[in-house]
file final.pdb (PDB, C-alpha atoms, pLDDT in the B column)
ATOM      1  CA  MET A 282       0.000   0.000   0.000  1.00 32.00           C
ATOM      2  CA  ASP A 283       1.424   3.403  -0.947  1.00 39.00           C
ATOM      3  CA  GLY A 284      -0.259   5.483   1.749  1.00 45.00           C
ATOM      4  CA  THR A 285      -2.799   7.039  -0.596  1.00 51.00           C
ATOM      5  CA  ARG A 286      -5.283   4.196  -0.842  1.00 49.00           C
ATOM      6  CA  GLY A 287      -6.721   1.953   1.829  1.00 47.00           C
ATOM      7  CA  VAL A 288      -7.087  -1.810   1.525  1.00 46.00           C
ATOM      8  CA  ASN A 289     -10.544  -1.419  -0.015  1.00 47.00           C
ATOM      9  CA  GLY A 290      -9.244   0.926  -2.730  1.00 50.00           C
ATOM     10  CA  MET A 291     -10.768   4.079  -1.224  1.00 65.00           C
ATOM     11  CA  GLN A 292      -8.553   7.134  -1.188  1.00 87.00           C
ATOM     12  CA  ASN A 293      -7.063   7.856   2.221  1.00 94.00           C
ATOM     13  CA  TYR A 294      -7.404  11.081   4.132  1.00 97.00           C
ATOM     14  CA  TRP A 295      -4.245  13.039   4.789  1.00 97.00           C
ATOM     15  CA  GLY A 296      -4.071  14.565   8.249  1.00 97.00           C
ATOM     16  CA  VAL A 297      -2.019  17.260   9.903  1.00 98.00           C
ATOM     17  CA  VAL A 298      -1.634  16.767  13.643  1.00 98.00           C
ATOM     18  CA  ILE A 299       0.415  19.037  15.897  1.00 97.00           C
ATOM     19  CA  GLU A 300       2.395  16.992  18.415  1.00 97.00           C
ATOM     20  CA  GLN A 301       1.760  19.535  21.175  1.00 96.00           C
ATOM     21  CA  SER A 302      -2.013  19.086  20.761  1.00 97.00           C
ATOM     22  CA  LEU A 303      -1.696  15.605  22.250  1.00 97.00           C
ATOM     23  CA  LYS A 304      -1.894  15.110  25.994  1.00 96.00           C
ATOM     24  CA  ASP A 305       0.100  11.875  25.636  1.00 92.00           C
ATOM     25  CA  GLN A 306       3.025  11.949  23.192  1.00 91.00           C
ATOM     26  CA  GLY A 307       2.971   8.134  23.178  1.00 94.00           C
ATOM     27  CA  TYR A 308      -0.203   8.310  21.098  1.00 96.00           C
ATOM     28  CA  ILE A 309       1.940   9.318  18.111  1.00 96.00           C
ATOM     29  CA  ASP A 310       2.941   5.643  17.843  1.00 95.00           C
ATOM     30  CA  HIS A 311      -0.713   4.875  16.983  1.00 94.00           C
ATOM     31  CA  LEU A 312      -0.750   7.315  14.050  1.00 96.00           C
ATOM     32  CA  ASN A 313       0.399   6.452  10.552  1.00 96.00           C
ATOM     33  CA  VAL A 314       2.962   9.268  10.371  1.00 97.00           C
ATOM     34  CA  VAL A 315       4.196   9.811   6.818  1.00 96.00           C
ATOM     35  CA  ALA A 316       6.352  12.889   7.463  1.00 97.00           C
ATOM     36  CA  LYS A 317       7.260  15.370  10.183  1.00 97.00           C
ATOM     37  CA  ARG A 318       8.224  19.022  10.056  1.00 97.00           C
ATOM     38  CA  GLN A 319       9.370  21.230  12.909  1.00 96.00           C
ATOM     39  CA  VAL A 320       7.910  24.765  12.813  1.00 93.00           C
ATOM     40  CA  GLY A 321       9.268  26.788  15.693  1.00 93.00           C
ATOM     41  CA  GLY A 322       8.319  24.867  18.822  1.00 94.00           C
ATOM     42  CA  TRP A 323       5.645  22.811  17.076  1.00 95.00           C
ATOM     43  CA  GLY A 324       6.062  19.345  15.604  1.00 97.00           C
ATOM     44  CA  MET A 325       3.795  19.051  12.568  1.00 98.00           C
ATOM     45  CA  LEU A 326       2.905  15.465  11.640  1.00 98.00           C
ATOM     46  CA  LEU A 327       1.548  14.406   8.266  1.00 98.00           C
ATOM     47  CA  THR A 328      -0.579  11.304   8.724  1.00 97.00           C
ATOM     48  CA  SER A 329      -2.526   9.002   6.442  1.00 96.00           C
ATOM     49  CA  VAL A 330      -5.866   7.467   7.459  1.00 96.00           C
ATOM     50  CA  PRO A 331      -7.956   5.012   5.431  1.00 96.00           C
ATOM     51  CA  ALA A 332     -11.266   6.668   4.526  1.00 95.00           C
ATOM     52  CA  ASP A 333     -13.346   3.880   6.058  1.00 95.00           C
ATOM     53  CA  ALA A 334     -11.419   4.158   9.342  1.00 96.00           C
ATOM     54  CA  ALA A 335     -11.478   7.971   9.512  1.00 96.00           C
ATOM     55  CA  PRO A 336     -14.485   8.363  11.852  1.00 96.00           C
ATOM     56  CA  VAL A 337     -12.997   5.975  14.433  1.00 96.00           C
ATOM     57  CA  GLN A 338      -9.498   7.428  14.054  1.00 96.00           C
ATOM     58  CA  ILE A 339     -10.800  10.981  14.467  1.00 97.00           C
ATOM     59  CA  ALA A 340     -12.749  10.058  17.617  1.00 97.00           C
ATOM     60  CA  ARG A 341      -9.668   8.307  19.014  1.00 97.00           C
ATOM     61  CA  LEU A 342      -7.517  11.347  18.204  1.00 98.00           C
ATOM     62  CA  GLN A 343      -9.995  13.639  19.969  1.00 98.00           C
ATOM     63  CA  SER A 344      -9.781  11.512  23.113  1.00 97.00           C
ATOM     64  CA  HIS A 345      -5.996  11.991  23.096  1.00 98.00           C
ATOM     65  CA  MET A 346      -6.007  15.744  22.441  1.00 98.00           C
ATOM     66  CA  VAL A 347      -5.414  18.323  25.170  1.00 97.00           C
ATOM     67  CA  ASP A 348      -8.752  19.069  26.820  1.00 96.00           C
ATOM     68  CA  ILE A 349     -10.484  22.124  25.336  1.00 95.00           C
ATOM     69  CA  SER A 350     -10.891  23.583  28.840  1.00 94.00           C
ATOM     70  CA  ASN A 351      -7.080  23.736  29.162  1.00 95.00           C
ATOM     71  CA  ASP A 352      -6.100  24.875  25.668  1.00 96.00           C
ATOM     72  CA  CYS A 353      -7.637  24.817  22.206  1.00 97.00           C
ATOM     73  CA  TRP A 354      -5.896  22.906  19.420  1.00 98.00           C
ATOM     74  CA  TYR A 355      -7.064  21.423  16.169  1.00 98.00           C
ATOM     75  CA  ALA A 356      -5.984  18.838  13.641  1.00 98.00           C
ATOM     76  CA  HIS A 357      -7.262  18.644  10.104  1.00 98.00           C
ATOM     77  CA  PHE A 358      -7.790  15.957   7.489  1.00 98.00           C
ATOM     78  CA  PHE A 359      -8.326  16.315   3.763  1.00 97.00           C
ATOM     79  CA  ARG A 360      -8.818  14.388   0.552  1.00 96.00           C
ATOM     80  CA  ASP A 361      -9.891  15.708  -2.819  1.00 94.00           C
ATOM     81  CA  ASP A 362     -11.995  18.775  -1.936  1.00 95.00           C
ATOM     82  CA  GLU A 363     -13.091  17.540   1.517  1.00 97.00           C
ATOM     83  CA  LEU A 364     -11.728  19.125   4.683  1.00 98.00           C
ATOM     84  CA  ILE A 365     -12.410  17.967   8.237  1.00 98.00           C
ATOM     85  CA  ILE A 366     -11.344  20.210  11.122  1.00 98.00           C
ATOM     86  CA  VAL A 367     -10.995  18.312  14.388  1.00 98.00           C
ATOM     87  CA  TYR A 368     -11.138  20.126  17.694  1.00 98.00           C
ATOM     88  CA  GLN A 369     -10.986  18.139  20.914  1.00 97.00           C
ATOM     89  CA  ASP A 370     -14.742  18.393  21.448  1.00 97.00           C
ATOM     90  CA  CYS A 371     -16.184  18.734  17.922  1.00 97.00           C
ATOM     91  CA  THR A 372     -15.529  18.392  14.217  1.00 98.00           C
ATOM     92  CA  PHE A 373     -16.403  20.522  11.211  1.00 98.00           C
ATOM     93  CA  ARG A 374     -16.830  19.046   7.736  1.00 98.00           C
ATOM     94  CA  MET A 375     -16.387  21.436   4.847  1.00 98.00           C
ATOM     95  CA  THR A 376     -14.563  21.815   1.561  1.00 98.00           C
ATOM     96  CA  ILE A 377     -11.136  23.250   0.826  1.00 97.00           C
ATOM     97  CA  ASP A 378     -12.932  26.400  -0.366  1.00 97.00           C
ATOM     98  CA  ARG A 379     -12.249  29.093   2.263  1.00 96.00           C
ATOM     99  CA  LEU A 380     -15.833  30.332   1.875  1.00 97.00           C
ATOM    100  CA  THR A 381     -16.981  27.195   3.761  1.00 97.00           C
ATOM    101  CA  TRP A 382     -14.670  27.678   6.752  1.00 98.00           C
ATOM    102  CA  ASN A 383     -16.479  30.384   8.729  1.00 98.00           C
ATOM    103  CA  ASP A 384     -18.035  28.191  11.442  1.00 98.00           C
ATOM    104  CA  SER A 385     -14.766  26.420  12.146  1.00 98.00           C
ATOM    105  CA  ILE A 386     -12.812  29.679  12.184  1.00 98.00           C
ATOM    106  CA  GLN A 387     -15.340  31.316  14.515  1.00 98.00           C
ATOM    107  CA  TYR A 388     -15.141  28.319  16.845  1.00 98.00           C
ATOM    108  CA  GLY A 389     -11.349  28.556  16.964  1.00 98.00           C
ATOM    109  CA  LEU A 390     -11.414  32.317  17.534  1.00 98.00           C
ATOM    110  CA  HIS A 391     -13.962  31.875  20.340  1.00 97.00           C
ATOM    111  CA  HIS A 392     -11.551  29.462  22.034  1.00 97.00           C
ATOM    112  CA  GLY A 393      -8.501  31.716  21.706  1.00 96.00           C
ATOM    113  CA  ILE A 394      -6.774  30.545  18.537  1.00 97.00           C
ATOM    114  CA  PRO A 395      -5.341  33.529  16.624  1.00 97.00           C
ATOM    115  CA  LEU A 396      -6.898  34.086  13.188  1.00 97.00           C
ATOM    116  CA  GLU A 397      -3.559  33.631  11.401  1.00 96.00           C
ATOM    117  CA  GLN A 398      -3.347  30.078  12.806  1.00 96.00           C
ATOM    118  CA  LEU A 399      -6.779  29.142  11.425  1.00 97.00           C
ATOM    119  CA  ASP A 400      -5.587  28.746   7.847  1.00 96.00           C
ATOM    120  CA  PHE A 401      -5.888  24.914   7.812  1.00 97.00           C
ATOM    121  CA  LYS A 402      -2.756  24.544   5.710  1.00 95.00           C
ATOM    122  CA  PRO A 403      -1.825  22.405   4.014  1.00 97.00           C
ATOM    123  CA  CYS A 404      -5.215  21.170   2.816  1.00 96.00           C
ATOM    124  CA  THR A 405      -4.377  19.848  -0.643  1.00 95.00           C
ATOM    125  CA  THR A 406      -1.983  17.117  -1.700  1.00 94.00           C
ATOM    126  CA  VAL A 407       0.040  19.630  -3.723  1.00 94.00           C
ATOM    127  CA  ASP A 408       0.470  21.923  -0.707  1.00 96.00           C
ATOM    128  CA  ALA A 409       1.208  18.985   1.616  1.00 96.00           C
ATOM    129  CA  SER A 410       3.890  17.701  -0.762  1.00 95.00           C
ATOM    130  CA  THR A 411       5.578  21.098  -0.745  1.00 95.00           C
ATOM    131  CA  TYR A 412       5.121  21.733   2.989  1.00 96.00           C
ATOM    132  CA  PHE A 413       6.438  18.362   4.155  1.00 96.00           C
ATOM    133  CA  GLY A 414       8.864  17.716   1.282  1.00 94.00           C
ATOM    134  CA  VAL A 415       7.375  14.319   0.411  1.00 92.00           C
ATOM    135  CA  SER A 416       5.268  12.947  -2.401  1.00 88.00           C
ATOM    136  CA  VAL A 417       1.608  13.123  -1.381  1.00 85.00           C
ATOM    137  CA  GLY A 418      -1.399  12.206  -3.466  1.00 68.00           C
ATOM    138  CA  ARG A 419      -2.618   9.657  -5.884  1.00 54.00           C
ATOM    139  CA  ARG A 420       0.044   7.530  -7.509  1.00 39.00           C
TER     140      ARG A 420
END
call {"tool": "encode", "arguments": {"input": "final.pdb", "output": "structure tokens"}}
result
Amino acid sequence: MDGTRGVNGMQNYWGVVIEQSLKDQGYIDHLNVVAKRQVGGWGMLLTSVPADAAPVQIARLQSHMVDISNDCWYAHFFRDDELIIVYQDCTFRMTIDRLTWNDSIQYGLHHGIPLEQLDFKPCTTVDASTYFGVSVGRR
């Protein structure tokens, strides 16, 4: 398997998880980490999740994220034009079109995330390939 398709042939979701958003760093071992990039003090992880396992994987990730009452973090997953923003206590499903992001951005702002950090990048395979320096996408 090349990381872009699950065992049933469905295209995988690509995910971006910030290491510091996890209350237990050991949980990283349960993620399918494809690449890592250090940005300042943050460890950015590029993950791959089979589409049919995404709902369970997202719920599991949420249970391992820092509690929203302590600090607000998000992860995001994408494939094609789908975008899923995952906060510790809720998820937002939208497209990669910025015009669909308002609810998720407002939620993040309400919980103290600066607007410039609510850009949900990368959210395409082209951007992820550039950002992480690896080949991402359909092969």
call {"tool": "atom_distance", "arguments": {"input": "final.pdb", "atom1": "atom CA of Ser410 of chain A", "atom2": "atom CA of Ala316 of chain A"}}
result
9.8 Å
call {"tool": "residues_around", "arguments": {"input": "final.pdb", "residues": "Thr376 of chain A", "least_positions_apart": "2", "cutoff": "9 Å", "atoms": "only C-alpha atoms", "output": "VMD selection string"}}
result
chain A and resid 359 361 to 365 374 378 to 382
call {"tool": "write_last_selection", "arguments": {"input": "final.pdb", "atoms": "C-alpha atoms", "output": "PDB file, in the frame of the given file"}}
result
ATOM      1  CA  PHE A 359      -8.326  16.315   3.763  1.00 97.00           C
ATOM      2  CA  ASP A 361      -9.891  15.708  -2.819  1.00 94.00           C
ATOM      3  CA  ASP A 362     -11.995  18.775  -1.936  1.00 95.00           C
ATOM      4  CA  GLU A 363     -13.091  17.540   1.517  1.00 97.00           C
ATOM      5  CA  LEU A 364     -11.728  19.125   4.683  1.00 98.00           C
ATOM      6  CA  ILE A 365     -12.410  17.967   8.237  1.00 98.00           C
ATOM      7  CA  ARG A 374     -16.830  19.046   7.736  1.00 98.00           C
ATOM      8  CA  ASP A 378     -12.932  26.400  -0.366  1.00 97.00           C
ATOM      9  CA  ARG A 379     -12.249  29.093   2.263  1.00 96.00           C
ATOM     10  CA  LEU A 380     -15.833  30.332   1.875  1.00 97.00           C
ATOM     11  CA  THR A 381     -16.981  27.195   3.761  1.00 97.00           C
ATOM     12  CA  TRP A 382     -14.670  27.678   6.752  1.00 98.00           C
TER      13      TRP A 382
END
call {"tool": "resolve_selection", "arguments": {"input": "final.pdb", "expression": "the PyMOL selection byres ((chain A and resi 294) around 6)", "output": "PyMOL selection string"}}
result
chain A and resi 293+295+329-330+332+358-360
call {"tool": "write_last_selection", "arguments": {"input": "final.pdb", "atoms": "C-alpha atoms", "output": "PDB file, in the coordinates of the input"}}
result
ATOM      1  CA  ASN A 293      -7.063   7.856   2.221  1.00 94.00           C
ATOM      2  CA  TRP A 295      -4.245  13.039   4.789  1.00 97.00           C
ATOM      3  CA  SER A 329      -2.526   9.002   6.442  1.00 96.00           C
ATOM      4  CA  VAL A 330      -5.866   7.467   7.459  1.00 96.00           C
ATOM      5  CA  ALA A 332     -11.266   6.668   4.526  1.00 95.00           C
ATOM      6  CA  PHE A 358      -7.790  15.957   7.489  1.00 98.00           C
ATOM      7  CA  PHE A 359      -8.326  16.315   3.763  1.00 97.00           C
ATOM      8  CA  ARG A 360      -8.818  14.388   0.552  1.00 96.00           C
TER       9      ARG A 360
END
call {"tool": "atom_distance", "arguments": {"input": "final.pdb", "atom1": "atom CA of Ile339 of chain A", "atom2": "atom CA of Val367 of chain A"}}
result
7.3 Å
call {"tool": "closest_residue", "arguments": {"input": "final.pdb", "among": "A:Ile349, A:Gly414, A:Ala409, A:Asp370", "to": "Gly393 of chain A", "atoms": "all atoms listed in the file"}}
result
A:Ile349
call {"tool": "axis_aligned_box", "arguments": {"input": "final.pdb", "around": "segment 397-412 of chain A", "padding_each_side": "6 Å", "output": "JSON"}}
result
{"center_x": -0.6, "center_y": 25.4, "center_z": 4.5, "size_x": 24.4, "size_y": 28.5, "size_z": 28.5}
call {"tool": "atom_distance", "arguments": {"input": "final.pdb", "atom1": "atom CA of Gln338 of chain A", "atom2": "atom CA of Trp323 of chain A"}}
result
21.8 Å
call {"tool": "resolve_selection", "arguments": {"input": "final.pdb", "expression": "the PyMOL selection byres ((chain A and resi 342) around 12)", "output": "ChimeraX atom specification"}}
result
/A:296-300,302-306,308-312,328,330,335-341,343-348,354-358,366-372
call {"tool": "closest_residue", "arguments": {"input": "final.pdb", "among": "A:Asn351, A:Phe401, A:Gln301, A:Pro395", "to": "Ile377 of chain A", "atoms": "all atoms listed in the file"}}
result
A:Phe401
call {"tool": "closest_residue", "arguments": {"input": "final.pdb", "among": "A:Leu327, A:Val314, A:Ile386, A:Met375", "to": "Thr406 of chain A", "atoms": "only C-alpha atoms"}}
result
A:Leu327
call {"tool": "closest_residue", "arguments": {"input": "final.pdb", "among": "A:Pro403, A:Ser385, A:Leu390, A:Phe373", "to": "Met325 of chain A", "atoms": "all atoms listed in the file"}}
result
A:Pro403
call {"tool": "closest_residue", "arguments": {"input": "final.pdb", "among": "A:Gly322, A:Asp352, A:Val415, A:Cys404", "to": "His391 of chain A", "atoms": "all atoms listed in the file"}}
result
A:Asp352
